[in-house]
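Asker: Just coords-v1.cif, nothing more (mmCIF, C-alpha atoms):
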```cif
data_coords
#
loop_
_atom_site.label_atom_id
_atom_site.label_comp_id
_atom_site.auth_asym_id
_atom_site.auth_seq_id
_atom_site.Cartn_x
_atom_site.Cartn_y
_atom_site.Cartn_z
CA MET J 1 -147.47 168.30 9.82
CA LYS J 2 -145.48 171.40 10.76
CA LYS J 3 -142.28 169.36 10.82
CA TRP J 4 -143.02 167.94 7.36
CA LEU J 5 -143.75 171.41 5.98
CA ARG J 6 -140.58 172.78 7.50
CA GLU J 7 -138.37 170.00 6.12
CA ASN J 8 -139.99 169.21 2.77
CA SER J 9 -142.06 172.18 1.62
CA TRP J 10 -139.05 173.96 0.06
CA ARG J 11 -138.20 170.82 -1.94
CA HIS J 12 -141.69 170.70 -3.40
CA ALA J 13 -141.60 174.42 -4.11
CA ILE J 14 -138.33 174.08 -6.02
CA GLY J 15 -139.67 171.07 -7.94
CA ILE J 16 -142.87 172.88 -8.92
CA PHE J 17 -140.88 175.95 -9.99
CA ILE J 18 -138.56 173.87 -12.18
CA CYS J 19 -141.52 172.08 -13.78
CA LEU J 20 -143.30 175.35 -14.54
CA PHE J 21 -140.08 176.90 -15.83
CA SER J 22 -139.60 173.94 -18.19
CA ILE J 23 -143.21 173.79 -19.38
CA PHE J 24 -143.66 177.51 -20.04
CA PRO J 25 -141.65 177.64 -23.34
CA LEU J 26 -143.64 174.68 -24.66
CA TYR J 27 -146.89 176.33 -23.59
CA LEU J 28 -145.84 179.57 -25.30
CA VAL J 29 -145.10 177.76 -28.57
CA VAL J 30 -148.41 175.88 -28.51
CA ILE J 31 -150.45 179.01 -27.78
CA SER J 32 -148.52 181.02 -30.38
CA SER J 33 -149.36 178.43 -33.02
CA PHE J 34 -153.05 179.23 -32.49
CA ASN J 35 -152.54 183.00 -32.22
CA PRO J 36 -154.25 184.65 -35.24
CA SER J 37 -151.92 187.67 -35.05
CA GLY J 38 -148.86 185.52 -35.76
CA SER J 39 -146.86 186.99 -32.88
CA LEU J 40 -145.58 185.87 -29.49
CA GLN J 41 -147.47 188.56 -27.58
CA LEU J 42 -150.21 187.21 -25.34
CA THR J 43 -152.91 189.44 -23.91
CA SER J 44 -153.85 186.84 -21.31
CA PHE J 45 -152.56 183.54 -20.00
CA ILE J 46 -155.43 181.74 -21.74
CA PRO J 47 -156.23 183.54 -25.03
CA LYS J 48 -159.88 184.11 -25.80
CA VAL J 49 -159.45 183.74 -29.56
CA LEU J 50 -157.77 180.69 -31.09
CA SER J 51 -157.33 180.13 -34.79
CA TRP J 52 -156.05 177.44 -37.17
CA ASN J 53 -154.80 180.06 -39.66
CA ASN J 54 -151.14 179.36 -38.94
CA TYR J 55 -151.58 175.67 -39.72
CA HIS J 56 -153.54 176.52 -42.87
CA THR J 57 -150.67 178.76 -43.94
CA LEU J 58 -148.23 175.87 -43.74
CA PHE J 59 -150.30 173.46 -45.80
CA LYS J 60 -152.27 175.74 -48.13
CA SER J 61 -149.74 178.36 -49.19
CA PRO J 62 -148.09 177.41 -52.54
CA ALA J 63 -144.95 179.35 -51.58
CA ILE J 64 -144.36 177.18 -48.49
CA PRO J 65 -143.57 173.51 -49.34
CA TYR J 66 -143.82 172.42 -45.72
CA LEU J 67 -144.60 168.76 -46.48
CA THR J 68 -141.57 168.64 -48.77
CA TRP J 69 -139.40 170.00 -45.96
CA MET J 70 -140.74 167.35 -43.61
CA LYS J 71 -140.10 164.62 -46.16
CA ASN J 72 -136.55 165.87 -46.68
CA SER J 73 -135.88 165.95 -42.94
CA LEU J 74 -137.24 162.45 -42.40
CA TYR J 75 -135.27 161.10 -45.35
CA ILE J 76 -131.96 162.66 -44.31
CA ALA J 77 -132.32 161.98 -40.57
CA GLY J 78 -133.57 158.42 -41.11
CA SER J 79 -130.80 157.62 -43.59
CA VAL J 80 -128.10 159.03 -41.31
CA ALA J 81 -129.46 157.15 -38.29
CA LEU J 82 -129.66 153.76 -40.02
CA ILE J 83 -126.43 153.95 -42.03
CA SER J 84 -124.35 155.40 -39.19
CA VAL J 85 -125.55 152.72 -36.78
CA MET J 86 -124.84 149.94 -39.28
CA ILE J 87 -121.32 151.18 -40.02
CA GLY J 88 -120.65 152.20 -36.42
CA SER J 89 -121.71 148.84 -34.97
CA ALA J 90 -119.53 146.93 -37.43
CA ALA J 91 -116.55 149.21 -36.71
CA ALA J 92 -117.09 148.96 -32.95
CA PHE J 93 -117.15 145.17 -33.17
CA ALA J 94 -113.94 145.20 -35.20
CA PHE J 95 -112.13 147.52 -32.77
CA SER J 96 -113.29 145.48 -29.79
CA ARG J 97 -112.91 141.89 -30.99
CA LEU J 98 -110.59 141.74 -34.02
CA ASN J 99 -106.84 142.18 -34.19
CA PHE J 100 -105.45 144.16 -37.12
CA THR J 101 -102.64 146.57 -37.89
CA GLY J 102 -103.35 150.12 -36.75
CA LYS J 103 -106.14 149.16 -34.35
CA LYS J 104 -104.81 151.15 -31.39
CA LEU J 105 -103.84 154.13 -33.52
CA GLY J 106 -107.22 154.18 -35.26
CA ILE J 107 -109.26 154.23 -32.06
CA GLN J 108 -106.99 156.93 -30.61
CA LEU J 109 -107.43 159.08 -33.71
CA LEU J 110 -111.20 158.75 -33.43
CA LEU J 111 -111.03 159.96 -29.84
CA LEU J 112 -108.70 162.80 -30.81
CA VAL J 113 -110.99 164.02 -33.57
CA GLN J 114 -113.97 164.10 -31.21
CA MET J 115 -112.10 166.48 -28.89
CA PHE J 116 -112.44 169.34 -31.38
CA PRO J 117 -115.82 171.08 -31.92
CA ALA J 118 -117.43 170.25 -35.26
CA ILE J 119 -117.92 173.96 -35.95
CA LEU J 120 -114.16 174.24 -36.60
CA ALA J 121 -114.43 172.06 -39.69
CA ILE J 122 -117.27 173.93 -41.41
CA SER J 123 -114.98 176.04 -43.61
CA ALA J 124 -112.92 173.03 -44.66
CA VAL J 125 -116.04 170.93 -45.32
CA TYR J 126 -117.52 173.72 -47.43
CA VAL J 127 -114.38 174.00 -49.60
CA ILE J 128 -114.09 170.23 -49.99
CA MET J 129 -117.73 169.73 -51.00
CA GLU J 130 -117.54 172.73 -53.33
CA ARG J 131 -114.68 171.07 -55.20
CA VAL J 132 -116.47 167.72 -55.13
CA HIS J 133 -119.38 169.45 -56.87
CA ASN J 134 -117.11 170.29 -59.83
CA PHE J 135 -116.61 166.64 -60.84
CA ALA J 136 -119.54 164.97 -59.05
CA PRO J 137 -122.49 167.41 -58.97
CA ASP J 138 -124.86 164.82 -57.52
CA ILE J 139 -122.96 164.52 -54.23
CA GLY J 140 -121.40 167.97 -53.98
CA LEU J 141 -122.33 171.24 -52.37
CA GLY J 142 -126.04 172.05 -52.44
CA THR J 143 -127.25 168.45 -52.65
CA GLN J 144 -128.92 166.21 -50.10
CA PRO J 145 -126.57 163.24 -50.74
CA GLY J 146 -123.62 165.55 -50.11
CA LEU J 147 -125.12 166.71 -46.82
CA LEU J 148 -125.79 163.07 -45.96
CA LEU J 149 -122.11 162.21 -46.44
CA VAL J 150 -121.06 165.09 -44.19
CA TYR J 151 -123.47 163.99 -41.46
CA LEU J 152 -122.23 160.40 -41.66
CA GLY J 153 -118.63 161.50 -41.32
CA GLY J 154 -119.43 163.53 -38.22
CA ALA J 155 -121.45 160.78 -36.55
CA MET J 156 -118.98 157.91 -36.99
CA GLY J 157 -116.61 158.75 -34.15
CA VAL J 158 -119.26 159.20 -31.46
CA ASN J 159 -121.23 156.10 -32.47
CA ILE J 160 -118.15 153.89 -32.65
CA TRP J 161 -117.01 154.90 -29.17
CA LEU J 162 -120.46 154.43 -27.64
CA LEU J 163 -120.94 151.01 -29.23
CA LYS J 164 -117.38 149.86 -28.54
CA GLY J 165 -117.92 150.39 -24.83
CA PHE J 166 -120.95 148.14 -25.00
CA VAL J 167 -119.17 145.44 -27.03
CA ASP J 168 -116.32 145.40 -24.51
CA SER J 169 -118.85 144.50 -21.80
CA ILE J 170 -120.00 141.36 -23.63
CA PRO J 171 -118.17 138.32 -22.17
CA MET J 172 -115.46 136.91 -24.41
CA GLU J 173 -116.71 133.41 -23.55
CA LEU J 174 -119.58 133.92 -25.98
CA ASP J 175 -117.15 134.60 -28.82
CA GLU J 176 -115.02 131.62 -27.89
CA ALA J 177 -118.07 129.36 -27.77
CA ALA J 178 -119.12 130.61 -31.21
CA LYS J 179 -115.63 129.90 -32.61
CA ILE J 180 -115.73 126.36 -31.22
CA ASP J 181 -119.04 125.86 -33.02
CA GLY J 182 -117.38 127.03 -36.24
CA ALA J 183 -118.84 130.54 -36.45
CA SER J 184 -116.91 133.16 -38.37
CA ALA J 185 -116.41 136.75 -37.20
CA VAL J 186 -119.32 137.90 -39.38
CA GLN J 187 -121.62 135.21 -37.96
CA THR J 188 -120.56 136.14 -34.42
CA PHE J 189 -121.39 139.76 -35.17
CA TRP J 190 -124.87 139.05 -36.55
CA LEU J 191 -125.90 136.15 -34.30
CA ILE J 192 -124.44 137.27 -30.97
CA PHE J 193 -123.57 140.94 -30.95
CA VAL J 194 -126.58 142.39 -32.80
CA PRO J 195 -129.26 140.61 -30.68
CA LEU J 196 -127.51 141.52 -27.43
CA ALA J 197 -126.88 145.10 -28.56
CA ALA J 198 -130.46 145.80 -29.69
CA PRO J 199 -131.16 148.21 -26.78
CA VAL J 200 -128.00 150.28 -27.21
CA LEU J 201 -128.44 150.25 -31.00
CA ALA J 202 -131.92 151.72 -30.49
CA VAL J 203 -130.47 154.45 -28.25
CA VAL J 204 -127.76 155.35 -30.77
CA THR J 205 -130.29 155.33 -33.62
CA LEU J 206 -132.60 157.68 -31.75
CA MET J 207 -129.77 160.04 -30.80
CA SER J 208 -128.52 160.15 -34.39
CA PHE J 209 -132.03 160.76 -35.74
CA ILE J 210 -132.84 163.58 -33.31
CA GLY J 211 -129.45 165.23 -33.73
CA THR J 212 -129.69 165.20 -37.53
CA PHE J 213 -133.37 166.17 -37.62
CA ASN J 214 -132.73 169.27 -35.50
CA GLU J 215 -129.42 170.26 -37.09
CA TYR J 216 -129.48 173.70 -38.72
CA ILE J 217 -126.01 175.11 -39.46
CA LEU J 218 -124.77 172.53 -41.98
CA ALA J 219 -128.22 172.15 -43.53
CA ARG J 220 -128.46 175.91 -44.03
CA LEU J 221 -124.99 175.98 -45.54
CA PHE J 222 -125.62 173.12 -47.97
CA LEU J 223 -129.28 173.34 -48.95
CA VAL J 224 -130.03 176.50 -50.91
CA ASN J 225 -132.88 175.36 -53.12
CA MET J 226 -136.31 175.81 -51.51
CA ASN J 227 -137.48 172.26 -52.32
CA THR J 228 -134.36 170.57 -50.93
CA ARG J 229 -134.38 172.26 -47.52
CA THR J 230 -135.03 170.50 -44.26
CA VAL J 231 -137.80 171.63 -41.95
CA ALA J 232 -135.33 173.39 -39.61
CA VAL J 233 -133.97 175.50 -42.49
CA GLY J 234 -137.37 176.06 -44.08
CA LEU J 235 -139.04 177.33 -40.92
CA GLN J 236 -136.24 179.82 -40.33
CA GLN J 237 -137.54 181.98 -43.18
CA PHE J 238 -140.56 182.92 -41.04
CA ILE J 239 -138.38 184.63 -38.43
CA GLY J 240 -135.25 185.45 -40.45
CA GLY J 241 -136.41 188.77 -41.85
CA GLN J 242 -135.89 191.96 -39.92
CA TYR J 243 -139.38 193.32 -40.64
CA SER J 244 -141.25 190.15 -41.59
CA GLN J 245 -141.07 187.97 -38.49
CA ASN J 246 -144.09 185.68 -38.34
CA TRP J 247 -143.93 183.51 -35.25
CA GLY J 248 -147.33 181.88 -35.70
CA PRO J 249 -146.48 179.60 -38.66
CA PHE J 250 -143.04 179.02 -37.16
CA ALA J 251 -144.59 177.74 -33.92
CA ALA J 252 -147.14 175.63 -35.80
CA GLY J 253 -144.43 174.08 -37.95
CA SER J 254 -142.27 173.36 -34.91
CA ILE J 255 -145.10 171.51 -33.19
CA ILE J 256 -145.83 169.37 -36.26
CA ALA J 257 -142.11 168.68 -36.74
CA SER J 258 -141.88 167.32 -33.19
CA VAL J 259 -144.52 164.64 -33.84
CA PRO J 260 -142.19 162.15 -35.66
CA ILE J 261 -139.61 162.41 -32.89
CA VAL J 262 -142.24 161.76 -30.21
CA ILE J 263 -143.59 158.76 -32.14
CA ILE J 264 -140.13 157.25 -32.61
CA PHE J 265 -139.23 157.88 -28.97
CA LEU J 266 -142.40 156.18 -27.72
CA SER J 267 -142.01 153.23 -30.08
CA LEU J 268 -138.40 152.64 -28.93
CA GLN J 269 -139.02 153.43 -25.28
CA LYS J 270 -138.63 149.83 -24.13
CA TYR J 271 -135.26 149.50 -25.82
CA ILE J 272 -134.13 152.95 -24.71
CA VAL J 273 -134.69 152.23 -21.03
CA SER J 274 -132.89 148.91 -21.15
CA GLY J 275 -130.12 150.38 -23.30
CA LEU J 276 -129.42 153.27 -20.94
CA THR J 277 -129.37 150.97 -17.92
CA ALA J 278 -127.38 148.14 -19.52
CA GLY J 279 -125.04 146.47 -17.08
CA SER J 280 -121.51 145.26 -17.60
CA VAL J 281 -122.50 141.68 -18.42
CA LYS J 282 -124.97 140.71 -21.12
CA GLY J 283 -126.50 137.30 -21.80
#
```
Output the file's structure as structure tokens, nothing else.

Answerer:
Amino acid sequence: MKKWLRENSWRHAIGIFICLFSIFPLYLVVISSFNPSGSLQLTSFIPKVLSWNNYHTLFKSPAIPYLTWMKNSLYIAGSVALISVMIGSAAAFAFSRLNFTGKKLGIQLLLLVQMFPAILAISAVYVIMERVHNFAPDIGLGTQPGLLLVYLGGAMGVNIWLLKGFVDSIPMELDEAAKIDGASAVQTFWLIFVPLAAPVLAVVTLMSFIGTFNEYILARLFLVNMNTRTVAVGLQQFIGGQYSQNWGPFAAGSIIASVPIVIIFLSLQKYIVSGLTAGSVKG
């Protein structure tokens, strides 16, 4: 027993410390959402008074369209996830299996673009979308479709590279067998690639959804109108003022906003595990 304690006790101590360190912020947010004072100050580790006032503020106050923010976030994040995966998978299949002029240059340019932080392009994107708004107000600056286009442009490079690596691991013999049977490139894509790539497609979809759902900078830059904001931008108004910081509703809104992500993660868990551990040979 002494030998075990001497050799392994410090490992358990470090593991317990890391777990507590990771759980504490979540615990603080949950407790703050039930704090009637609307602050982050706790008088004790387990508060004696808990209240639902912060949740009532989100859903009952006419000045806070929280459900609209949630709907906007789900619409934008869901659209970006689905459309980017559809376009990215088709592009990855083309770069991996088809021969066309500019193939090597195109994939190199995609890699080159991903080397630069996206924050560098914010000024250029703002000017471009502002000018787009002059002749196409429905997809320009300050609109959700315009923000959707910007998100799609930013997600293409990463998704294509992730999916191309998976397509390269699929044996070419499957493609050759499909060609012998008379299948076209489109039929090979839908009948062979998509079924085999279901796990990695689920992983890319989840990553795109979470990344877009939590994104703040571009959403804050584009969405000015109160009813078009996402939940990340809308909740910021609770803590953005110098003398009007109200952490209670902010914490409550953050907890509710995490529910869709948890549901999607649990529903795709089977595909996520197999997608992250996919080997070099499929089928």

Asker: Need the neighbours of (-149.8, 179.2, -45.4): which residues are at most 12 Å away, counting all atoms listed in the file, as a PDB file with C-alpha atoms, in the coordinates of the input?

Answerer:
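Written file, out-v1.pdb:
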```pdb
ATOM      1  CA  GLY J  38    -148.860 185.520 -35.760  1.00  0.00           C
ATOM      2  CA  TRP J  52    -156.050 177.440 -37.170  1.00  0.00           C
ATOM      3  CA  ASN J  53    -154.800 180.060 -39.660  1.00  0.00           C
ATOM      4  CA  ASN J  54    -151.140 179.360 -38.940  1.00  0.00           C
ATOM      5  CA  TYR J  55    -151.580 175.670 -39.720  1.00  0.00           C
ATOM      6  CA  HIS J  56    -153.540 176.520 -42.870  1.00  0.00           C
ATOM      7  CA  THR J  57    -150.670 178.760 -43.940  1.00  0.00           C
ATOM      8  CA  LEU J  58    -148.230 175.870 -43.740  1.00  0.00           C
ATOM      9  CA  PHE J  59    -150.300 173.460 -45.800  1.00  0.00           C
ATOM     10  CA  LYS J  60    -152.270 175.740 -48.130  1.00  0.00           C
ATOM     11  CA  SER J  61    -149.740 178.360 -49.190  1.00  0.00           C
ATOM     12  CA  PRO J  62    -148.090 177.410 -52.540  1.00  0.00           C
ATOM     13  CA  ALA J  63    -144.950 179.350 -51.580  1.00  0.00           C
ATOM     14  CA  ILE J  64    -144.360 177.180 -48.490  1.00  0.00           C
ATOM     15  CA  PRO J  65    -143.570 173.510 -49.340  1.00  0.00           C
ATOM     16  CA  TYR J  66    -143.820 172.420 -45.720  1.00  0.00           C
ATOM     17  CA  LEU J  67    -144.600 168.760 -46.480  1.00  0.00           C
ATOM     18  CA  LEU J 235    -139.040 177.330 -40.920  1.00  0.00           C
ATOM     19  CA  PHE J 238    -140.560 182.920 -41.040  1.00  0.00           C
ATOM     20  CA  ASN J 246    -144.090 185.680 -38.340  1.00  0.00           C
ATOM     21  CA  GLY J 248    -147.330 181.880 -35.700  1.00  0.00           C
ATOM     22  CA  PRO J 249    -146.480 179.600 -38.660  1.00  0.00           C
ATOM     23  CA  PHE J 250    -143.040 179.020 -37.160  1.00  0.00           C
ATOM     24  CA  ALA J 252    -147.140 175.630 -35.800  1.00  0.00           C
ATOM     25  CA  GLY J 253    -144.430 174.080 -37.950  1.00  0.00           C
TER      26      GLY J 253
END
```

Asker: Closest to Phe93 of chain J among J:Pro260, J:Gly15, J:Gly165, J:Gly240, using only C-alpha atoms?

Answerer: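 That would be J:Gly165, the residue with the smallest distance to Phe93 of chain J.
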
Asker: What residues come out when you apply the PyMOL selection byres ((chain J and resi 264) around 12) to this file, written as a ChimeraX atom specification?

Answerer: /J:74,78,202-203,205-207,209-210,258-263,265-272

Asker: Calculate how many Å separate atom CA of Met156 of chain J from atom CA of Leu110 of chain J, rounding to one decimal.

Answerer: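 Between atom CA of Met156 of chain J and atom CA of Leu110 of chain J the gap is 8.6 Å.
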
Asker: Have a look at atom CA of Thr143 of chain J and atom CA of Gly88 of chain J and let me know their distance in Å, one decimal.

Answerer: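 So the two atoms, atom CA of Thr143 of chain J and atom CA of Gly88 of chain J, lie 23.9 Å apart.
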
Asker: Mind giving me the straight-line distance from atom CA of Thr212 of chain J to atom CA of Ile83 of chain J in Å, one decimal?

Answerer: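 Between atom CA of Thr212 of chain J and atom CA of Ile83 of chain J the gap works out to 12.5 Å.
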
Asker: Please write as a ChimeraX atom specification the full residue list that the PyMOL selection byres ((chain J and resi 113-124) around 8) yields on this file.

Answerer: /J:109-112,125-128,154,157-158,218

Asker: Any chance you could resolve the PyMOL selection byres ((chain J and resi 222-234) around 7) against this file and give the residues as a list in words?

Answerer: Pro65, Thr68, Trp69, Met70, Asn72, Ser73, Leu141, Gly142, Thr143, Leu147, Asn214, Tyr216, Leu218, Ala219, Arg220, Leu221, Leu235, Gln236 and Gln237 of chain J

Asker: Using all atoms listed in the file, can you tell me which of J:Val30, J:Ile160, J:Leu152, J:Val132 comes closest to Leu201 of chain J?

Answerer: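 When distances to Leu201 of chain J are compared using all atoms listed in the file, the smallest one comes from J:Ile160.
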
Asker: Could you give me, as a VMD selection string, the residues within 10 Å of Ser89 of chain J, counting only C-alpha atoms and dropping anything in the same chain fewer than 5 positions from it?

Answerer: chain J and resid 83 to 84 94 to 95 156 159 to 164 167 189 193 to 194 197 201 204
